[in-house]
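Read through the structure below, which is laid out as structure tokens, and then see the notes.
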Amino acid sequence: MELGKVETSKMTGLEPFHIDGKNLNFDLLSFWQWSSSEILGNALRGVLAEYIVSKDIDCPYEIREEWDAYDLLTPEGWKIEVKSASYIQSWEQNKFSNISFGIQPTIKWENDGTRSKTVKRQADAYIFCLLAHKDQKTIEPLNLAQWEFYVLPTTILNERVGTQKSITLASLLKLEPKKCNFGEIKDEIKNALS
């Protein structure tokens with residue numbers, strides 16, 4: 001049996017849950033609110049960072065691709081990997097979190113559903129997104145002034161850190177990434193990859 005890719009449709013949030021066409025009194029928006037309101041937590045903050053970067057670079061995707069070998073694609077065709085970190089987490093902390101980003105080489109899924117034999121970093125550039133705000137009472141991930149963005153071509157990671165799986169902020173800064181604000185990421189990617 002061959003099962004092709006299931007195409008995802010963009011949802012509005014108004015789609016009701018139902019039982020064989022009989023609508024129930026809750027909808028997709030209520031699920032999103034239930035499951036996705038904690039945007040400071042590690043898992044969802046990473047997806048939020050991808051969304052923020054996608055808006056800055058004019059990513060042509062209308063829907064996030066869950067299993068792509070890289071996170072985003074620029075209109076120019078550059079593949080982008082987005083990583084996020086924050087000093088403040090949603091759970092109780094005794095101190096600020098140490099800042100570290102995952103950078104491990106990966107194996108991509110091929111179009112035929114098999115895994116590639118090549119282990120490598122799949123993107124052309126990495127965008128390291130740091131929610132840098134350090135006041136727990138005023139932290140707001142939707143306030144893009146609280147974020148710092150660092151753009152680094154993958155070639156530099158490959159040359160300088162090899163197959164290393166993670167990198168601290170201090171080590172990343174030694175690689176001299178381009179630091180920028182929201183609204184400047186697209187230009188920094190162009191400068192780094194042109």
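In the structure tokens, chains take the letters A, B, ... in the order shown, each chain's residues start at 1, and ligands count up from 1 in the order shown.
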Practice task
Looking only at strand (DSSP E) from DSSP on the backbone, list the matching residues of segment 29-153 of chain A as a VMD selection string.
Solution key: chain A and resid 72 to 73 79 to 86 100 to 102 125 to 131 147 to 153
Export of the given selection (N, CA and C atoms) as a compact mmCIF listing (two decimals), in the first residue's frame:
```txt
# COMPACT_ATOMS: atom_id res chain seq x y z
N LEU A 72 12.60 27.07 7.46
CA LEU A 72 11.99 28.08 6.58
C LEU A 72 12.73 28.18 5.27
N LEU A 73 12.08 28.82 4.32
CA LEU A 73 12.66 29.07 3.01
C LEU A 73 12.43 30.53 2.67
N LYS A 79 17.62 28.14 2.48
CA LYS A 79 17.05 27.32 3.54
C LYS A 79 17.53 27.84 4.90
N ILE A 80 16.60 28.02 5.82
CA ILE A 80 16.90 28.64 7.10
C ILE A 80 16.53 27.70 8.25
N GLU A 81 17.43 27.59 9.21
CA GLU A 81 17.17 26.86 10.45
C GLU A 81 17.04 27.90 11.57
N VAL A 82 15.99 27.77 12.37
CA VAL A 82 15.70 28.73 13.44
C VAL A 82 15.86 28.02 14.78
N LYS A 83 16.61 28.64 15.67
CA LYS A 83 16.81 28.10 17.02
C LYS A 83 16.44 29.18 18.02
N SER A 84 15.89 28.78 19.16
CA SER A 84 15.48 29.78 20.14
C SER A 84 15.94 29.41 21.54
N ALA A 85 16.11 30.45 22.37
CA ALA A 85 16.45 30.28 23.78
C ALA A 85 15.94 31.50 24.54
N SER A 86 15.85 31.35 25.87
CA SER A 86 15.38 32.44 26.72
C SER A 86 16.02 32.32 28.10
N SER A 100 21.83 28.18 25.35
CA SER A 100 22.44 27.18 24.48
C SER A 100 21.47 26.86 23.35
N PHE A 101 22.00 26.59 22.18
CA PHE A 101 21.19 26.29 21.00
C PHE A 101 21.62 24.95 20.41
N GLY A 102 20.65 24.16 19.96
CA GLY A 102 20.96 22.91 19.27
C GLY A 102 21.40 23.19 17.84
N ALA A 125 21.62 28.84 6.35
CA ALA A 125 21.94 29.77 7.43
C ALA A 125 21.12 29.41 8.66
N TYR A 126 21.64 29.79 9.80
CA TYR A 126 20.96 29.63 11.08
C TYR A 126 20.58 31.01 11.61
N ILE A 127 19.38 31.10 12.17
CA ILE A 127 18.96 32.30 12.88
C ILE A 127 18.78 31.88 14.33
N PHE A 128 19.61 32.44 15.20
CA PHE A 128 19.53 32.16 16.63
C PHE A 128 18.71 33.27 17.26
N CYS A 129 17.58 32.89 17.85
CA CYS A 129 16.61 33.85 18.39
C CYS A 129 16.67 33.79 19.91
N LEU A 130 17.06 34.89 20.52
CA LEU A 130 17.20 34.93 21.97
C LEU A 130 16.16 35.88 22.54
N LEU A 131 15.24 35.33 23.34
CA LEU A 131 14.32 36.17 24.10
C LEU A 131 15.15 36.68 25.28
N TRP A 147 13.50 40.61 21.89
CA TRP A 147 14.26 39.55 21.23
C TRP A 147 15.55 40.10 20.62
N GLU A 148 16.56 39.23 20.56
CA GLU A 148 17.78 39.48 19.77
C GLU A 148 17.89 38.36 18.75
N PHE A 149 18.35 38.69 17.56
CA PHE A 149 18.47 37.70 16.49
C PHE A 149 19.92 37.70 16.00
N TYR A 150 20.46 36.52 15.79
CA TYR A 150 21.83 36.36 15.33
C TYR A 150 21.81 35.50 14.07
N VAL A 151 22.37 36.02 12.99
CA VAL A 151 22.39 35.34 11.69
C VAL A 151 23.79 34.79 11.45
N LEU A 152 23.87 33.51 11.11
CA LEU A 152 25.16 32.89 10.85
C LEU A 152 25.05 31.90 9.70
N PRO A 153 25.89 32.03 8.67
CA PRO A 153 25.88 31.03 7.60
C PRO A 153 26.29 29.67 8.14
```
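Proximity of A:Thr118, A:Thr106, A:Asn158, A:Gln136 to Leu175 of chain A, computed with only C-alpha atoms, is greatest for A:Asn158.
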Problem - DSSP-assigned helix (DSSP H, G or I) members of chain A, reported as a PyMOL selection string - result: chain A and resi 28-36+42-56+144-146+154-161+169-174+185-193
